[in-house]
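Colleague: The structure's right below; bear with me while I get my questions together.
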Amino acid sequence: MDLHSDPNFSQFAPAIPLPLHYDGEESTVTSLAYCVVEIGRLFLPFILSVSGSGFSSSESDMSLLFSSRRYCAVLFLITLLTSFSSGDKLFAGPSTADPNRVFEVQYNEMSQQYWDRSKVAIDIILMVTRKIEDAQATGNLNVVPPREVSEAYAMVEELAFCAGKLNILGEPCARHFSLFSEDAKGILLRFIRDYLELPNVKDRLYSKKSQTELKRLIKAQVSEVTKLQGMIRRQEWQQLDEKVHEISLKIWRYLCWYPDEKITDPVLVQIFKLRPDYADQINAEFKMKADEVLTELAAQYVPPFTSVLENMNSAVEMIAKNGKVSWNNQEMAGPEWITKFTEQVKNTQVEALKYKGIQVSHIVSNPDAEASLETVTSAQRKFITGVIDGFAKAIQNDAARVSGIEAETLYREYLASLTEFLSLLENDELAQPINEAMRELAGKSQSFSRDVAKYTDATGDLLRWRKRMATARAQAWQTKEGYVSFEDLLKSEKIGKLERSRGEDIEIDVRTWLDELNFMREKFVDPENPKLVSVDNLVLSEQKQQLFSPVQNLYCATVEVPKAASQELAQLMADLQANSSGAYPLTLEAQLAVYRALHYDYAQAGGVLTEVEFEGRVTQFAKCDSSDMARERLSRFEEKMNWELLQLRNISISHIKPKWVRTDYFFADVEDSP
């Protein structure tokens, strides 16, 4: 029967030739990779994204158009990336040493679901595009099975819509998945156009059998239109989104072979127009669901600033009464309590970081979340100030009840207990209330107060001289060897053909790591011509595996733990009279100088850039643990944040093998140290 003459079929018969439906010998695909494709199609539901469909539609027609301007960049990506097995651990992000990483998502089921689907789509796309690349290199395009190309094209659309959903959930990977899908689409379209120029290909692809099969597929969608209209009447927007996407994937597995044709079939036009026509309703419903998920997630990490400060105030009052604190069912003196309480302060700050990371994500689905960010940032600053004032008050309360040798002993104990907390403050001026309280405590013993004054006079100028010398030596070393700060390196260099600032004023509409990884590998991470870089403000991780710098202007650094600068440290301790039994520094400045040197807390480090990686800023906030506190310190926490930038931009992380380090008070060549 000639279906073209069937009056029941003519109303939706396509106005373009029909592609081959692979059957029999031509349809046999025996590769394990294709089995993965089919399994993925069976077990992963097609949940839809308005913003990620990738279709271009209008009232009268629908065109399959694409710009392949990123073709070269994706060829680089395809060369580097490898398929991800289902059991792979999620990593932070791609790096010059391990480009097959992908960005993590937050710990919520919705994000993980779309990430899992994206991962399957990427696997399939990479499998096929690698075959295409190999075929183009050998000049034999016939080795690429057309059915695999069709499946890869469908997965490009799948990846694009998953990226749209992940964007609403505030996930940093969304932008990169979107770029990847666009690039892969360009590669597939180039191949399709070249493939169609091969001899006899069109005769096979546009056979009568293929037309019949596609007519059947399109005819089957007539009944779906009625279902879709029912969903619209019932305002079932997510179900509508899902169903249209499912139909789209079926159709585009065929229609991808007509890259320059327009779709004029009324049934297909009607179906494909539904998502753009009802985009506002679909997006609003999904944003509402995302808002609920992220609100629930954020509630788990609301920082307990108020309760922690209340506990602190209770402890301070106990010290005023009898010099003891009942803390976690233990009785302890003020200095020991400060040591214990410092851990609670750090844990509270970790909760605050997680909360802020989730709220940054939240802004996409709920703009009111920005107000929550401003509120918690303000509360965070007040919290740190409150802790400092509380510590100062505890010392003053202790000072009020002691004198003589007891005051001297207590002074030394407080010096030791305060150093960890004070070492994590980026701004030493914040500690002024504590400094004043310590002077008050020392003053409870006239003889000891005179000793502290003499020590201050003897070491104050010495430390200032040491600081000038350490800074001058580091500057001279950097000038001689050609060092550049990692931050300046990122801001000043060209990325591909785009010269742009990569600090706070970055153009967020240009691609990120796809071209930057390539550029970094060629220019900065070159074993034959290693780049010498320096970073500031490093502290030892709690796992004691490496040094971290805090995140500043969307960059940070890790440094291999250097060899101990033992000679310089010994000389510093001798100068501060801290090298013999029973002799300790008598000022907070001197105590911190020794403490920081002993704990690998450096003002600056320089060395060879061995690797660069990119980490999603939102994810870094939301997934941080206590060891990540080293990156942020107990500072004022980025008072001027560009929230839009944080949603789309990633941290650039440099990994450095050190050649020298500098504390505030000495410089050391650690590369050749014994």
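Here's how to read the names in the structure tokens: chain A, B, ... by the order shown, residue numbers from 1 in each chain, ligand numbers from 1 in the order shown.
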Residues near Gln359 (chain A), anyone? I mean within 8 Å using only C-alpha atoms, not counting same-chain ones fewer than 2 positions away, as a PyMOL selection string.
Modeller: chain A and resi 294+298+355-357+361-363+369-370+372-373
Colleague: Using N, CA, C and O atoms, can you write the selected residues to a file as a CSV table (one decimal), in the first residue's frame?
Modeller:
chain,number,residue,atom,x,y,z
A,294,LEU,N,16.8,22.6,47.5
A,294,LEU,CA,18.0,23.3,48.0
A,294,LEU,C,17.6,24.0,49.3
A,294,LEU,O,18.5,24.1,50.2
A,298,ALA,N,20.0,23.3,52.4
A,298,ALA,CA,20.6,24.4,53.2
A,298,ALA,C,20.3,24.3,54.7
A,298,ALA,O,21.1,24.7,55.5
A,355,TYR,N,26.7,26.2,53.8
A,355,TYR,CA,25.5,26.9,53.7
A,355,TYR,C,25.6,27.9,52.6
A,355,TYR,O,24.7,28.1,51.8
A,356,LYS,N,26.7,28.7,52.6
A,356,LYS,CA,26.9,29.7,51.6
A,356,LYS,C,27.0,29.1,50.2
A,356,LYS,O,26.4,29.6,49.2
A,357,GLY,N,27.6,28.0,50.1
A,357,GLY,CA,27.7,27.3,48.8
A,357,GLY,C,26.3,26.9,48.2
A,357,GLY,O,26.0,27.1,47.0
A,361,SER,N,24.0,28.4,44.9
A,361,SER,CA,23.3,27.6,43.9
A,361,SER,C,21.8,28.0,43.9
A,361,SER,O,21.2,28.0,42.8
A,362,HIS,N,21.3,28.4,45.0
A,362,HIS,CA,19.9,28.6,45.2
A,362,HIS,C,19.4,29.8,44.4
A,362,HIS,O,18.2,29.9,44.1
A,363,ILE,N,20.3,30.8,44.2
A,363,ILE,CA,19.9,32.0,43.6
A,363,ILE,C,19.2,31.8,42.2
A,363,ILE,O,18.3,32.6,41.8
A,369,ALA,N,17.4,34.1,47.7
A,369,ALA,CA,18.5,33.5,48.4
A,369,ALA,C,19.7,34.4,48.5
A,369,ALA,O,20.5,34.3,49.4
A,370,GLU,N,19.7,35.4,47.6
A,370,GLU,CA,20.8,36.4,47.7
A,370,GLU,C,20.7,37.1,49.0
A,370,GLU,O,21.8,37.5,49.6
A,372,SER,N,19.6,35.9,51.8
A,372,SER,CA,20.1,35.0,52.8
A,372,SER,C,21.7,35.0,52.8
A,372,SER,O,22.3,34.8,53.9
A,373,LEU,N,22.3,35.1,51.6
A,373,LEU,CA,23.7,35.1,51.6
A,373,LEU,C,24.3,36.3,52.3
A,373,LEU,O,25.2,36.3,53.0
Colleague: Determine, using only C-alpha atoms, which residues of region 236-332 of chain A have any atom at most 8 Å from an atom of region 174-196 of chain A, and tabulate each with its shortest atom pair and distance in Å to one decimal place, rows ordered by chain and then rising number, as JSON lines.
Modeller:
{"residue": "A:Cys256", "atom": "CA", "partner": "A:Leu189", "partner_atom": "CA", "distance": 8.0}
{"residue": "A:Trp257", "atom": "CA", "partner": "A:Ile192", "partner_atom": "CA", "distance": 6.5}
{"residue": "A:Pro259", "atom": "CA", "partner": "A:Leu189", "partner_atom": "CA", "distance": 6.9}
Colleague: Find the residues around Met231 (chain A) up to 10 Å (only C-alpha atoms counted), leave out those fewer than 5 positions away in its own chain, and share them as a list in words.
Modeller: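 Returned residues: Val225, Thr226, Glu236, Trp237, Gln238, Gln239, Leu240, Asp241 and Lys243 of chain A.
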Colleague: Identify, on the basis of only C-alpha atoms, every residue whose closest approach to Val267 (chain A) does not exceed 8 Å; exclude the query and any residue fewer than 6 positions from it along the same chain; express the result as a ChimeraX atom specification.
Modeller: /A:12,218,221-222,225
Colleague: Go ahead and save the picked residues with all heavy atoms, as an mmCIF file, in the first residue's frame.
Modeller:
data_model
loop_
_atom_site.group_PDB
_atom_site.id
_atom_site.type_symbol
_atom_site.label_atom_id
_atom_site.label_comp_id
_atom_site.auth_asym_id
_atom_site.auth_seq_id
_atom_site.Cartn_x
_atom_site.Cartn_y
_atom_site.Cartn_z
ATOM 1 N N PHE A 12 -0.006 14.133 8.004
ATOM 2 C CA PHE A 12 1.228 14.305 8.767
ATOM 3 C C PHE A 12 2.436 13.724 8.058
ATOM 4 O O PHE A 12 3.479 13.525 8.645
ATOM 5 C CB PHE A 12 1.102 13.661 10.162
ATOM 6 C CG PHE A 12 0.725 12.212 10.147
ATOM 7 C CD1 PHE A 12 1.692 11.243 9.973
ATOM 8 C CD2 PHE A 12 -0.592 11.834 10.310
ATOM 9 C CE1 PHE A 12 1.339 9.910 9.977
ATOM 10 C CE2 PHE A 12 -0.933 10.489 10.311
ATOM 11 C CZ PHE A 12 0.025 9.524 10.146
ATOM 12 N N ILE A 218 6.353 8.611 12.685
ATOM 13 C CA ILE A 218 5.660 9.895 12.793
ATOM 14 C C ILE A 218 4.162 9.683 12.989
ATOM 15 O O ILE A 218 3.519 10.380 13.788
ATOM 16 C CB ILE A 218 5.945 10.752 11.550
ATOM 17 C CG1 ILE A 218 7.444 11.089 11.487
ATOM 18 C CG2 ILE A 218 5.100 12.015 11.561
ATOM 19 C CD1 ILE A 218 7.843 11.836 10.241
ATOM 20 N N GLN A 221 2.969 9.283 16.427
ATOM 21 C CA GLN A 221 2.959 10.454 17.310
ATOM 22 C C GLN A 221 1.619 11.176 17.308
ATOM 23 O O GLN A 221 1.400 12.060 18.142
ATOM 24 C CB GLN A 221 4.072 11.423 16.899
ATOM 25 C CG GLN A 221 5.458 10.805 16.800
ATOM 26 C CD GLN A 221 5.813 9.912 17.979
ATOM 27 O OE1 GLN A 221 5.650 10.286 19.133
ATOM 28 N NE2 GLN A 221 6.301 8.716 17.659
ATOM 29 N N VAL A 222 0.733 10.809 16.369
ATOM 30 C CA VAL A 222 -0.581 11.463 16.340
ATOM 31 C C VAL A 222 -1.310 11.224 17.656
ATOM 32 O O VAL A 222 -1.906 12.144 18.238
ATOM 33 C CB VAL A 222 -1.415 10.948 15.154
ATOM 34 C CG1 VAL A 222 -2.842 11.503 15.227
ATOM 35 C CG2 VAL A 222 -0.774 11.348 13.840
ATOM 36 N N VAL A 225 -0.040 13.430 20.504
ATOM 37 C CA VAL A 225 -0.478 14.824 20.536
ATOM 38 C C VAL A 225 -1.675 14.991 21.460
ATOM 39 O O VAL A 225 -1.752 15.945 22.252
ATOM 40 C CB VAL A 225 -0.819 15.319 19.114
ATOM 41 C CG1 VAL A 225 -1.474 16.694 19.173
ATOM 42 C CG2 VAL A 225 0.427 15.364 18.252
#
Colleague: Please report the interatomic distance between CA of Leu309 (chain A) and CA of Gln591 (chain A) in Å with one decimal.
Modeller: 26.4 Å
Colleague: Using DSSP on the backbone coordinates, identify the residues of region 343-501 of chain A assigned to helix (DSSP H, G or I); present them as an mmCIF file with C-alpha atoms, in the first residue's frame.
Modeller:
data_model
loop_
_atom_site.group_PDB
_atom_site.id
_atom_site.type_symbol
_atom_site.label_atom_id
_atom_site.label_comp_id
_atom_site.auth_asym_id
_atom_site.auth_seq_id
_atom_site.Cartn_x
_atom_site.Cartn_y
_atom_site.Cartn_z
ATOM 1 C CA GLU A 343 37.846 23.531 67.195
ATOM 2 C CA GLN A 344 34.158 24.393 67.579
ATOM 3 C CA VAL A 345 34.760 27.753 65.931
ATOM 4 C CA LYS A 346 36.402 26.039 62.949
ATOM 5 C CA ASN A 347 33.567 23.519 62.644
ATOM 6 C CA THR A 348 31.019 26.340 62.728
ATOM 7 C CA GLN A 349 32.852 28.074 59.911
ATOM 8 C CA VAL A 350 32.763 24.879 57.865
ATOM 9 C CA GLU A 351 28.982 24.777 58.278
ATOM 10 C CA ALA A 352 28.846 28.398 57.161
ATOM 11 C CA LEU A 353 30.848 27.624 54.033
ATOM 12 C CA LYS A 354 28.538 24.765 53.104
ATOM 13 C CA TYR A 355 25.474 26.897 53.713
ATOM 14 C CA LYS A 356 26.850 29.703 51.550
ATOM 15 C CA GLY A 357 27.701 27.296 48.752
ATOM 16 C CA ILE A 358 24.168 25.965 48.666
ATOM 17 C CA GLN A 359 22.714 29.454 48.803
ATOM 18 C CA VAL A 360 24.849 30.527 45.833
ATOM 19 C CA SER A 361 23.312 27.607 43.937
ATOM 20 C CA HIS A 362 19.912 28.607 45.209
ATOM 21 C CA ILE A 363 19.917 32.036 43.558
ATOM 22 C CA VAL A 364 19.080 30.553 40.146
ATOM 23 C CA SER A 365 15.868 28.946 41.392
ATOM 24 C CA ALA A 369 18.487 33.455 48.363
ATOM 25 C CA GLU A 370 20.810 36.375 47.707
ATOM 26 C CA ALA A 371 19.386 38.098 50.763
ATOM 27 C CA SER A 372 20.143 34.970 52.786
ATOM 28 C CA LEU A 373 23.728 35.113 51.558
ATOM 29 C CA GLU A 374 24.110 38.702 52.634
ATOM 30 C CA THR A 375 22.595 37.870 56.010
ATOM 31 C CA VAL A 376 24.889 34.935 56.703
ATOM 32 C CA THR A 377 27.962 36.843 55.511
ATOM 33 C CA SER A 378 27.144 39.650 57.913
ATOM 34 C CA ALA A 379 26.494 37.148 60.704
ATOM 35 C CA GLN A 380 29.798 35.465 59.913
ATOM 36 C CA ARG A 381 31.741 38.676 60.397
ATOM 37 C CA LYS A 382 29.948 39.362 63.670
ATOM 38 C CA PHE A 383 30.643 35.804 64.786
ATOM 39 C CA ILE A 384 34.412 36.137 64.346
ATOM 40 C CA THR A 385 34.354 39.500 66.103
ATOM 41 C CA GLY A 386 32.264 37.959 68.886
ATOM 42 C CA VAL A 387 34.726 35.096 69.354
ATOM 43 C CA ILE A 388 37.657 37.504 69.544
ATOM 44 C CA ASP A 389 35.829 39.665 72.085
ATOM 45 C CA GLY A 390 34.848 36.559 74.049
ATOM 46 C CA PHE A 391 38.430 35.313 74.233
ATOM 47 C CA ALA A 392 39.547 38.762 75.356
ATOM 48 C CA LYS A 393 36.830 38.834 78.038
ATOM 49 C CA ALA A 394 37.816 35.369 79.291
ATOM 50 C CA ILE A 395 41.425 36.535 79.706
ATOM 51 C CA GLN A 396 40.285 39.688 81.502
ATOM 52 C CA ASN A 397 38.065 37.648 83.830
ATOM 53 C CA ASP A 398 40.980 35.392 84.664
ATOM 54 C CA ALA A 399 43.236 38.402 85.161
ATOM 55 C CA GLY A 404 52.022 37.442 91.010
ATOM 56 C CA ILE A 405 53.403 34.076 89.851
ATOM 57 C CA GLU A 406 49.888 32.783 89.168
ATOM 58 C CA ALA A 407 49.349 35.586 86.645
ATOM 59 C CA GLU A 408 52.698 34.810 84.984
ATOM 60 C CA THR A 409 51.832 31.121 84.653
ATOM 61 C CA LEU A 410 48.388 31.886 83.308
ATOM 62 C CA TYR A 411 49.842 34.360 80.794
ATOM 63 C CA ARG A 412 52.166 31.714 79.340
ATOM 64 C CA GLU A 413 49.324 29.179 79.163
ATOM 65 C CA TYR A 414 47.090 31.612 77.287
ATOM 66 C CA LEU A 415 49.918 32.401 74.863
ATOM 67 C CA ALA A 416 50.141 28.723 73.928
ATOM 68 C CA SER A 417 46.376 28.189 73.661
ATOM 69 C CA LEU A 418 45.661 31.255 71.510
ATOM 70 C CA THR A 419 48.180 30.646 68.746
ATOM 71 C CA GLU A 420 46.131 28.249 66.596
ATOM 72 C CA PHE A 421 43.148 30.581 66.513
ATOM 73 C CA LEU A 422 45.240 33.697 65.912
ATOM 74 C CA SER A 423 47.286 31.992 63.191
ATOM 75 C CA ASP A 428 46.292 40.584 62.629
ATOM 76 C CA GLU A 429 44.511 43.819 63.536
ATOM 77 C CA LEU A 430 41.418 41.782 64.387
ATOM 78 C CA ALA A 431 43.311 40.385 67.384
ATOM 79 C CA GLN A 432 43.750 43.805 69.017
ATOM 80 C CA PRO A 433 41.225 43.104 71.848
ATOM 81 C CA ILE A 434 43.131 39.932 72.730
ATOM 82 C CA ASN A 435 46.457 41.785 72.721
ATOM 83 C CA GLU A 436 45.058 44.351 75.157
ATOM 84 C CA ALA A 437 43.678 41.621 77.429
ATOM 85 C CA MET A 438 47.043 39.855 77.484
ATOM 86 C CA ARG A 439 48.815 43.077 78.459
ATOM 87 C CA GLU A 440 46.295 43.475 81.277
ATOM 88 C CA LEU A 441 47.015 39.923 82.470
ATOM 89 C CA ALA A 442 50.774 40.480 82.408
ATOM 90 C CA GLN A 446 54.792 44.006 88.264
ATOM 91 C CA SER A 447 58.030 42.068 87.872
ATOM 92 C CA PHE A 448 56.656 39.924 85.058
ATOM 93 C CA SER A 449 55.171 43.006 83.385
ATOM 94 C CA ARG A 450 58.641 44.539 83.319
ATOM 95 C CA ASP A 451 60.024 41.303 81.813
ATOM 96 C CA VAL A 452 57.383 41.376 79.064
ATOM 97 C CA ALA A 453 58.154 45.043 78.354
ATOM 98 C CA LYS A 454 61.875 44.335 78.102
ATOM 99 C CA TYR A 455 61.223 41.336 75.857
ATOM 100 C CA THR A 456 58.954 43.433 73.652
ATOM 101 C CA ASP A 457 61.629 46.108 73.293
ATOM 102 C CA ALA A 458 64.320 43.519 72.538
ATOM 103 C CA THR A 459 62.342 41.538 69.962
ATOM 104 C CA GLY A 460 60.121 44.178 68.379
ATOM 105 C CA ASP A 461 62.833 45.834 66.307
ATOM 106 C CA LEU A 462 64.426 42.431 65.649
ATOM 107 C CA LEU A 463 61.204 41.040 64.191
ATOM 108 C CA ARG A 464 60.641 44.144 62.085
ATOM 109 C CA TRP A 465 64.201 43.839 60.724
ATOM 110 C CA ARG A 466 63.737 40.127 60.056
ATOM 111 C CA LYS A 467 60.480 40.820 58.211
ATOM 112 C CA ARG A 468 62.149 43.399 55.950
ATOM 113 C CA MET A 469 65.052 41.049 55.260
ATOM 114 C CA ALA A 470 62.800 38.060 54.494
ATOM 115 C CA THR A 471 60.685 40.139 52.112
ATOM 116 C CA ALA A 472 63.736 41.617 50.372
ATOM 117 C CA ARG A 473 65.378 38.202 49.894
ATOM 118 C CA ALA A 474 62.181 36.749 48.431
ATOM 119 C CA GLN A 475 61.786 39.670 46.040
ATOM 120 C CA ALA A 476 65.419 39.417 44.934
ATOM 121 C CA TRP A 477 65.070 35.658 44.375
ATOM 122 C CA GLN A 478 61.907 36.102 42.323
ATOM 123 C CA THR A 479 63.431 38.846 40.185
ATOM 124 C CA LYS A 480 66.583 36.867 39.523
ATOM 125 C CA GLU A 481 64.822 33.595 38.646
ATOM 126 C CA PHE A 486 49.985 32.626 39.904
ATOM 127 C CA GLU A 487 47.237 35.219 40.143
ATOM 128 C CA ASP A 488 49.096 37.647 37.865
ATOM 129 C CA LEU A 489 49.845 34.780 35.495
ATOM 130 C CA LEU A 490 46.154 34.028 35.088
ATOM 131 C CA LYS A 491 45.157 37.650 34.664
ATOM 132 C CA SER A 492 47.732 38.615 32.071
#
Colleague: What's the separation between CA of Leu255 (chain A) and CA of Gly230 (chain A), in Å to one decimal place?
Modeller: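 So the answer is 26.7 Å.
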Colleague: How would you write, as a PyMOL selection string, the set of residues in region 299-512 of chain A that DSSP gives as strand (DSSP E)?
Modeller: chain A and resi 324-327+330-333+484-485+494-495+498-499
Colleague: Please write the residues from the selection above to a file, keeping C-alpha atoms, as a tab-separated table (two decimals), in the first residue's frame.
Modeller:
chain	number	residue	atom	x	y	z
A	324	LYS	CA	37.08	26.99	85.62
A	325	VAL	CA	34.81	25.98	82.74
A	326	SER	CA	32.50	22.98	82.59
A	327	TRP	CA	32.82	21.93	78.96
A	330	GLN	CA	34.85	18.12	81.77
A	331	GLU	CA	36.15	20.83	84.02
A	332	MET	CA	39.04	22.84	82.63
A	333	ALA	CA	40.86	26.12	83.01
A	484	VAL	CA	55.50	35.42	38.63
A	485	SER	CA	52.55	35.18	41.00
A	494	LYS	CA	46.14	34.99	26.44
A	495	ILE	CA	43.82	32.01	26.27
A	498	LEU	CA	40.93	35.49	23.40
A	499	GLU	CA	42.82	37.99	25.51
Colleague: Compare A:Asn529, A:Ser566, A:Asn167, A:Gln270 by their minimum atom-to-atom distance to Val594 (chain A), counting only C-alpha atoms, and give me the closest one.
Modeller: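 Result for the nearest residue to Val594 (chain A): A:Ser566.
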Colleague: If you measure from CA of Ile132 (chain A) to CA of Val144 (chain A), what distance in Å do you get, rounded to one decimal?
Modeller: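 The value is 6.5 Å.
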Colleague: Taking 6 positions as the minimum chain separation for residues in the same chain, which residues sit within 9 Å of Glu151 (chain A) when counting only C-alpha atoms? Answer as a list in words.
Modeller: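 These residues fall inside the cut-off: Val37, Ile124, Ile125, Val128, Leu249, Trp252 and Arg253 of chain A.
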Colleague: Show me, as a list in words, the residues that have an atom within 7 Å of region 656-669 of chain A when counting only C-alpha atoms, minus same-chain residues fewer than 5 positions from it.
Modeller: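 So the residues in contact are Leu463, Arg466, Lys467, Ala470, Arg473, Ala474, Thr558, Val559, Glu560, Pro562, Ala565, Glu568, Ala597, Tyr602, Ala603, Gln604, Ala605, Gly606, Gly607, Val608, Leu609 and Thr610 of chain A.
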Colleague: Name the residues in contact with Gly93 (chain A) at a cut-off of 10 Å, using only C-alpha atoms, excluding same-chain residues fewer than 4 positions from it; report them as a count of residues only.
Modeller: 16
